[in-house]
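For reference, target20.pdb (PDB, C-alpha atoms):
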```pdb
ATOM      1  CA  GLY A   1      46.861  22.626   7.538
ATOM      2  CA  GLU A   2      46.889  20.361  10.539
ATOM      3  CA  ASN A   3      47.545  21.848  13.963
ATOM      4  CA  VAL A   4      48.323  19.742  17.038
ATOM      5  CA  GLU A   5      48.107  21.169  20.555
ATOM      6  CA  GLN A   6      49.745  19.249  23.401
ATOM      7  CA  HIS A   7      49.296  19.683  27.166
ATOM      8  CA  PRO A   8      50.860  19.958  29.624
ATOM      9  CA  SER A   9      54.251  21.228  28.518
ATOM     10  CA  THR A  10      55.842  19.872  31.705
ATOM     11  CA  LEU A  11      54.698  17.121  34.035
ATOM     12  CA  SER A  12      56.315  15.923  37.233
ATOM     13  CA  VAL A  13      55.135  12.755  38.966
ATOM     14  CA  GLN A  14      56.324  10.438  41.719
ATOM     15  CA  GLU A  15      57.590   7.015  40.779
ATOM     16  CA  GLY A  16      54.679   4.601  40.645
ATOM     17  CA  ASP A  17      52.100   7.257  39.836
ATOM     18  CA  SER A  18      50.304   7.555  36.514
ATOM     19  CA  ALA A  19      50.960  10.229  33.905
ATOM     20  CA  VAL A  20      48.541  11.519  31.294
ATOM     21  CA  ILE A  21      49.413  13.702  28.318
ATOM     22  CA  LYS A  22      46.676  15.114  26.097
ATOM     23  CA  CYS A  23      46.648  16.287  22.488
ATOM     24  CA  THR A  24      44.061  17.830  20.218
ATOM     25  CA  TYR A  25      44.181  18.047  16.446
ATOM     26  CA  SER A  26      42.380  20.226  13.963
ATOM     27  CA  ASP A  27      42.095  18.239  10.723
ATOM     28  CA  SER A  28      39.244  15.755  10.888
ATOM     29  CA  ALA A  29      40.836  13.841   7.984
ATOM     30  CA  SER A  30      43.821  12.830  10.133
ATOM     31  CA  ASN A  31      43.772   9.107  10.759
ATOM     32  CA  TYR A  32      47.117   8.155  12.279
ATOM     33  CA  PHE A  33      48.294   9.270  15.729
ATOM     34  CA  PRO A  34      51.742   8.207  16.948
ATOM     35  CA  TRP A  35      53.557   9.065  20.154
ATOM     36  CA  TYR A  36      57.315   9.522  20.221
ATOM     37  CA  LYS A  37      59.643   9.518  23.220
ATOM     38  CA  GLN A  38      62.858  11.484  23.160
ATOM     39  CA  GLU A  39      65.349  10.958  25.957
ATOM     40  CA  LEU A  40      67.854  13.708  26.621
ATOM     41  CA  GLY A  41      70.375  13.935  23.801
ATOM     42  CA  LYS A  42      68.828  11.060  21.863
ATOM     43  CA  ARG A  43      66.644  10.613  18.815
ATOM     44  CA  PRO A  44      62.839  10.455  19.001
ATOM     45  CA  GLN A  45      61.525   6.900  19.003
ATOM     46  CA  LEU A  46      58.021   5.611  18.447
ATOM     47  CA  ILE A  47      56.484   4.138  21.593
ATOM     48  CA  ILE A  48      52.891   3.575  20.525
ATOM     49  CA  ASP A  49      50.483   4.611  17.800
ATOM     50  CA  ILE A  50      46.794   4.381  17.053
ATOM     51  CA  ARG A  51      44.696   4.571  13.921
ATOM     52  CA  SER A  52      41.312   6.172  13.600
ATOM     53  CA  ASN A  53      39.398   2.895  13.453
ATOM     54  CA  VAL A  54      40.450   2.056  17.023
ATOM     55  CA  GLY A  55      39.450   3.815  20.235
ATOM     56  CA  GLU A  56      42.149   2.488  22.528
ATOM     57  CA  LYS A  57      45.418   0.612  22.329
ATOM     58  CA  LYS A  58      47.615  -0.757  25.107
ATOM     59  CA  ASP A  59      51.184  -1.934  25.304
ATOM     60  CA  GLN A  60      52.216  -2.993  28.800
ATOM     61  CA  ARG A  61      52.288   0.195  30.937
ATOM     62  CA  ILE A  62      51.446   2.486  28.034
ATOM     63  CA  ALA A  63      48.029   3.137  26.517
ATOM     64  CA  VAL A  64      46.639   5.600  24.028
ATOM     65  CA  THR A  65      42.998   6.617  23.673
ATOM     66  CA  LEU A  66      41.406   8.398  20.736
ATOM     67  CA  ASN A  67      38.178  10.363  20.548
ATOM     68  CA  LYS A  68      37.614  11.200  16.891
ATOM     69  CA  THR A  69      34.444  13.162  17.546
ATOM     70  CA  ALA A  70      36.213  15.527  19.911
ATOM     71  CA  LYS A  71      39.473  15.310  17.916
ATOM     72  CA  HIS A  72      41.651  14.511  20.863
ATOM     73  CA  PHE A  73      43.908  11.664  21.926
ATOM     74  CA  SER A  74      45.814  10.930  25.092
ATOM     75  CA  LEU A  75      48.838   8.981  26.285
ATOM     76  CA  HIS A  76      48.554   7.162  29.603
ATOM     77  CA  ILE A  77      51.593   5.790  31.409
ATOM     78  CA  THR A  78      50.915   3.708  34.511
ATOM     79  CA  GLU A  79      53.347   2.731  37.273
ATOM     80  CA  THR A  80      55.859   5.307  36.094
ATOM     81  CA  GLN A  81      59.560   4.609  36.498
ATOM     82  CA  PRO A  82      62.562   6.985  36.448
ATOM     83  CA  GLU A  83      63.476   5.702  32.978
ATOM     84  CA  ASP A  84      60.156   7.083  31.709
ATOM     85  CA  SER A  85      61.622  10.569  32.176
ATOM     86  CA  ALA A  86      61.850  12.108  28.701
ATOM     87  CA  VAL A  87      60.111  14.464  26.310
ATOM     88  CA  TYR A  88      56.997  12.955  24.752
ATOM     89  CA  PHE A  89      55.617  14.166  21.435
ATOM     90  CA  CYS A  90      52.217  13.435  20.000
ATOM     91  CA  ALA A  91      51.630  13.700  16.267
ATOM     92  CA  ALA A  92      48.904  13.416  13.677
ATOM     93  CA  SER A  93      48.853  12.635   9.985
ATOM     94  CA  LYS A  94      46.724  11.532   7.088
ATOM     95  CA  SER A  95      48.521   8.304   6.296
ATOM     96  CA  GLY A  96      48.417   6.737   2.890
ATOM     97  CA  GLY A  97      48.283   8.496  -0.410
ATOM     98  CA  SER A  98      51.263  10.003  -2.143
ATOM     99  CA  ASN A  99      52.732  11.939   0.744
ATOM    100  CA  TYR A 100      53.652  11.402   4.332
ATOM    101  CA  LYS A 101      53.818  14.223   6.838
ATOM    102  CA  LEU A 102      53.588  14.165  10.609
ATOM    103  CA  THR A 103      52.466  17.277  12.470
ATOM    104  CA  PHE A 104      53.881  17.180  15.984
ATOM    105  CA  GLY A 105      52.767  18.767  19.197
ATOM    106  CA  LYS A 106      55.359  20.869  21.012
ATOM    107  CA  GLY A 107      56.191  18.158  23.485
ATOM    108  CA  THR A 108      55.750  17.339  27.164
ATOM    109  CA  LEU A 109      58.752  17.065  29.471
ATOM    110  CA  LEU A 110      57.920  14.248  31.873
ATOM    111  CA  THR A 111      59.986  13.950  35.028
ATOM    112  CA  VAL A 112      59.538  10.890  37.224
ATOM    113  CA  ASN A 113      60.924  11.503  40.698
ATOM    114  CA  PRO A 114      62.277   8.449  42.572
TER     115      PRO A 114
ATOM    116  CA  LYS B   1      70.156  -3.433  10.120
ATOM    117  CA  ALA B   2      71.917  -0.086  10.281
ATOM    118  CA  GLY B   3      69.883   2.893  11.384
ATOM    119  CA  VAL B   4      69.501   6.334   9.863
ATOM    120  CA  THR B   5      72.838   8.104   9.595
ATOM    121  CA  GLN B   6      73.210  11.858   9.569
ATOM    122  CA  THR B   7      76.342  13.890   8.935
ATOM    123  CA  PRO B   8      77.785  16.066  10.214
ATOM    124  CA  ARG B   9      76.599  15.690  13.806
ATOM    125  CA  TYR B  10      77.652  19.184  14.840
ATOM    126  CA  LEU B  11      78.544  22.293  12.920
ATOM    127  CA  ILE B  12      79.000  25.987  13.506
ATOM    128  CA  LYS B  13      78.382  28.572  10.818
ATOM    129  CA  THR B  14      78.123  32.333  10.658
ATOM    130  CA  ARG B  15      75.225  34.403   9.390
ATOM    131  CA  GLY B  16      75.027  34.563   5.626
ATOM    132  CA  GLN B  17      76.806  31.272   5.035
ATOM    133  CA  GLN B  18      75.141  28.164   3.680
ATOM    134  CA  VAL B  19      75.126  24.611   4.963
ATOM    135  CA  THR B  20      74.464  21.154   3.547
ATOM    136  CA  LEU B  21      73.344  18.272   5.735
ATOM    137  CA  SER B  22      73.325  14.651   4.681
ATOM    138  CA  CYS B  23      71.096  11.707   5.570
ATOM    139  CA  SER B  24      71.399   8.031   4.730
ATOM    140  CA  PRO B  25      68.146   6.161   5.396
ATOM    141  CA  ILE B  26      67.683   2.620   6.573
ATOM    142  CA  SER B  27      68.422   0.198   3.774
ATOM    143  CA  GLY B  28      65.261  -0.411   1.755
ATOM    144  CA  HIS B  29      63.523   2.761   2.931
ATOM    145  CA  ARG B  30      62.750   5.059   0.025
ATOM    146  CA  SER B  31      61.020   7.851   1.907
ATOM    147  CA  VAL B  32      63.057  10.469   3.763
ATOM    148  CA  SER B  33      61.653  13.350   5.801
ATOM    149  CA  TRP B  34      63.400  16.286   7.428
ATOM    150  CA  TYR B  35      62.339  18.032  10.641
ATOM    151  CA  GLN B  36      63.675  21.064  12.465
ATOM    152  CA  GLN B  37      63.716  20.779  16.246
ATOM    153  CA  THR B  38      63.987  23.842  18.455
ATOM    154  CA  PRO B  39      63.215  24.200  22.182
ATOM    155  CA  GLY B  40      60.275  26.518  21.639
ATOM    156  CA  GLN B  41      58.669  24.989  18.552
ATOM    157  CA  GLY B  42      59.205  21.271  18.943
ATOM    158  CA  LEU B  43      59.495  19.248  15.744
ATOM    159  CA  GLN B  44      58.532  21.102  12.590
ATOM    160  CA  PHE B  45      58.198  19.391   9.224
ATOM    161  CA  LEU B  46      60.496  20.650   6.486
ATOM    162  CA  PHE B  47      59.941  18.291   3.553
ATOM    163  CA  GLU B  48      59.549  14.678   2.480
ATOM    164  CA  TYR B  49      61.147  12.897  -0.443
ATOM    165  CA  PHE B  50      60.168   9.638  -2.057
ATOM    166  CA  SER B  51      61.908   8.168  -5.092
ATOM    167  CA  GLU B  52      63.841  11.391  -5.676
ATOM    168  CA  THR B  53      60.655  13.500  -5.723
ATOM    169  CA  GLN B  54      59.621  16.038  -3.122
ATOM    170  CA  ARG B  55      56.182  14.864  -2.038
ATOM    171  CA  ASN B  56      55.410  17.360   0.671
ATOM    172  CA  LYS B  57      56.804  20.638   1.951
ATOM    173  CA  GLY B  58      56.382  22.459   5.239
ATOM    174  CA  ASN B  59      56.062  26.162   5.885
ATOM    175  CA  PHE B  60      59.684  27.184   5.656
ATOM    176  CA  PRO B  61      61.201  29.877   3.419
ATOM    177  CA  GLY B  62      62.813  29.054   0.105
ATOM    178  CA  ARG B  63      66.250  29.220   1.749
ATOM    179  CA  PHE B  64      65.541  25.679   2.893
ATOM    180  CA  SER B  65      65.827  23.125   0.122
ATOM    181  CA  GLY B  66      66.533  19.468  -0.276
ATOM    182  CA  ARG B  67      67.010  16.657  -2.676
ATOM    183  CA  GLN B  68      67.120  12.898  -2.797
ATOM    184  CA  PHE B  69      69.422  10.708  -4.813
ATOM    185  CA  SER B  70      68.722   7.448  -6.602
ATOM    186  CA  ASN B  71      70.152   5.474  -3.660
ATOM    187  CA  SER B  72      67.591   7.210  -1.366
ATOM    188  CA  ARG B  73      70.244   9.281   0.401
ATOM    189  CA  SER B  74      69.067  12.811   0.967
ATOM    190  CA  GLU B  75      70.599  16.200   1.525
ATOM    191  CA  MET B  76      69.127  19.422   2.774
ATOM    192  CA  ASN B  77      70.594  22.836   2.218
ATOM    193  CA  VAL B  78      70.052  26.092   4.036
ATOM    194  CA  SER B  79      71.335  29.213   2.325
ATOM    195  CA  THR B  80      71.929  32.681   3.729
ATOM    196  CA  LEU B  81      71.895  31.405   7.290
ATOM    197  CA  GLU B  82      70.156  33.401  10.007
ATOM    198  CA  LEU B  83      70.585  33.190  13.767
ATOM    199  CA  GLY B  84      67.116  31.644  14.013
ATOM    200  CA  ASP B  85      68.214  28.697  11.914
ATOM    201  CA  SER B  86      70.157  27.350  14.886
ATOM    202  CA  ALA B  87      68.463  24.033  15.625
ATOM    203  CA  LEU B  88      68.714  20.278  15.585
ATOM    204  CA  TYR B  89      67.878  19.007  12.108
ATOM    205  CA  LEU B  90      66.457  15.517  12.183
ATOM    206  CA  CYS B  91      66.156  13.182   9.263
ATOM    207  CA  ALA B  92      63.756  10.249   9.354
ATOM    208  CA  SER B  93      63.206   7.361   7.011
ATOM    209  CA  HIS B  94      60.022   5.459   6.419
ATOM    210  CA  SER B  95      59.340   2.300   4.496
ATOM    211  CA  ARG B  96      55.805   3.178   3.334
ATOM    212  CA  LEU B  97      55.061  -0.513   3.536
ATOM    213  CA  ASP B  98      54.784  -0.910   7.276
ATOM    214  CA  THR B  99      52.908   0.684  10.125
ATOM    215  CA  GLY B 100      53.902   4.257   9.425
ATOM    216  CA  GLU B 101      56.746   4.531  11.917
ATOM    217  CA  LEU B 102      59.403   7.151  11.285
ATOM    218  CA  PHE B 103      62.940   6.093  12.129
ATOM    219  CA  PHE B 104      64.938   9.132  13.142
ATOM    220  CA  GLY B 105      68.646   9.758  12.897
ATOM    221  CA  GLU B 106      70.683  11.321  15.703
ATOM    222  CA  GLY B 107      70.379  14.712  14.028
ATOM    223  CA  SER B 108      72.721  17.455  12.904
ATOM    224  CA  ARG B 109      73.049  20.259  15.415
ATOM    225  CA  LEU B 110      73.575  23.555  13.633
ATOM    226  CA  THR B 111      74.713  26.658  15.478
ATOM    227  CA  VAL B 112      74.642  29.967  13.617
ATOM    228  CA  LEU B 113      76.770  32.753  15.085
TER     229      LEU B 113
END
```
Same coordinates, now as structure tokens:
Amino acid sequence: GENVEQHPSTLSVQEGDSAVIKCTYSDSASNYFPWYKQELGKRPQLIIDIRSNVGEKKDQRIAVTLNKTAKHFSLHITETQPEDSAVYFCAASKSGGSNYKLTFGKGTLLTVNP
Amino acid sequence: KAGVTQTPRYLIKTRGQQVTLSCSPISGHRSVSWYQQTPGQGLQFLFEYFSETQRNKGNFPGRFSGRQFSNSRSEMNVSTLELGDSALYLCASHSRLDTGELFFGEGSRLTVL
């Protein structure tokens, strides 16, 4: 089955700096790659996603890049703010068809220091 | 619209007991997935239900089971509880008609003593 590796497990940056979180996946048939943010004590929430027919997607300070050949994708957060502090999870799936299953990475604890 | 609702939010059980957790999806969502979240393993897929049918199952022992009702509400059951079953159990609903986003509930935090 699919396996998703996520690095680093913890990341500490100064406010205003950029943060990059990287993930690799094993199943070349995966075609949907979402990123979820989970603040302390709260539910995971989707912040951005990308499909395999796109190499990059941006949403304000957040961007995701995908390299299908190398089977890795990355989350980029620019101009980090204290409210960006949270655990970030990458995931991969083969969307469509009769089932729906996300395989998550183990998460990255991002701390943005004021 | 109302979000995903999970009950109970917290519960404490002892080894050997069983537990049933409930999830009400967003209105109109017919797909419900369950995930186990632990500090060391992150989010691990348990199973997915769509129209009362289990469509996909993760790598968990048979002690973990679930079902979905005609109104899309879902329950999961864990029998013969073990200490390692202590975790946050998250339910998520999905419309299957939109972008693929999972909408998570607040979770049920299970502690096994």
Got a sec to pull out which chain A residues are within 9 Å of chain B, counting only C-alpha atoms, and send them as a list in words?
Tyr32, Pro34, Gly41, Lys42, Arg43, Pro44, Gln45, Leu46, Asp49, Phe89, Ser95, Gly96, Ser98, Asn99, Tyr100, Lys101, Leu102, Thr103, Phe104, Gly105, Lys106 and Gly107 of chain A
Using only C-alpha atoms: which of B:Ser51, B:His29, B:Ser22, B:Asn71 has the shortest distance to Tyr10 in chain B
B:Ser22
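Take CA of Leu109 in chain A and CA of Thr10 in chain A: the distance between them is 4.6 Å.
Atom pair CA of Ser28 in chain A / CA of Ala63 in chain A has a distance of 21.9 Å (rounded to one decimal).
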In Å, rounded to a single decimal, give me how far CA of Ser108 in chain B is from CA of Pro8 in chain A.
27.6 Å
Give as a VMD selection string the residues that the PyMOL selection byres ((chain B and resi 87) around 7) matches when applied to the coordinates above.
chain B and resid 36 to 38 85 to 86 88 to 89 109 to 111
Evaluate the PyMOL selection byres ((chain A and resi 24-27) around 12) against this structure - the residues, as a ChimeraX atom specification, please.
/A:1-8,21-23,28-33,65-75,90-94,102-106
Tell me which residues the PyMOL selection byres ((chain A and resi 58) around 12) grabs here, as a PDB file with C-alpha atoms, in the coordinates of the input.
```
ATOM      1  CA  ILE A  47      56.484   4.138  21.593  1.00  0.00           C
ATOM      2  CA  ILE A  48      52.891   3.575  20.525  1.00  0.00           C
ATOM      3  CA  ASP A  49      50.483   4.611  17.800  1.00  0.00           C
ATOM      4  CA  ILE A  50      46.794   4.381  17.053  1.00  0.00           C
ATOM      5  CA  VAL A  54      40.450   2.056  17.023  1.00  0.00           C
ATOM      6  CA  GLY A  55      39.450   3.815  20.235  1.00  0.00           C
ATOM      7  CA  GLU A  56      42.149   2.488  22.528  1.00  0.00           C
ATOM      8  CA  LYS A  57      45.418   0.612  22.329  1.00  0.00           C
ATOM      9  CA  ASP A  59      51.184  -1.934  25.304  1.00  0.00           C
ATOM     10  CA  GLN A  60      52.216  -2.993  28.800  1.00  0.00           C
ATOM     11  CA  ARG A  61      52.288   0.195  30.937  1.00  0.00           C
ATOM     12  CA  ILE A  62      51.446   2.486  28.034  1.00  0.00           C
ATOM     13  CA  ALA A  63      48.029   3.137  26.517  1.00  0.00           C
ATOM     14  CA  VAL A  64      46.639   5.600  24.028  1.00  0.00           C
ATOM     15  CA  THR A  65      42.998   6.617  23.673  1.00  0.00           C
ATOM     16  CA  LEU A  66      41.406   8.398  20.736  1.00  0.00           C
ATOM     17  CA  SER A  74      45.814  10.930  25.092  1.00  0.00           C
ATOM     18  CA  LEU A  75      48.838   8.981  26.285  1.00  0.00           C
ATOM     19  CA  HIS A  76      48.554   7.162  29.603  1.00  0.00           C
ATOM     20  CA  ILE A  77      51.593   5.790  31.409  1.00  0.00           C
ATOM     21  CA  THR A  78      50.915   3.708  34.511  1.00  0.00           C
TER      22      THR A  78
END
```
When you look at Lys13 in chain B with a cut-off of 8 Å (counting only C-alpha atoms), what residues show up, excluding the ones that are within fewer than 2 positions of it in the same chain? I need them as a list in words.
Leu11, Arg15, Gln17, Gln18, Val19, Leu81, Leu110, Thr111, Val112 and Leu113 of chain B
Can you report as lines of an AutoDock Vina configuration file the centre and edge lengths in Å, to one decimal, of an axis-aligned box around the listed atoms of range 34-40 of chain A padded with 4 Å on each side?
```
center_x = 59.8
center_y = 11.0
center_z = 21.8
size_x = 24.1
size_y = 13.5
size_z = 17.7
```
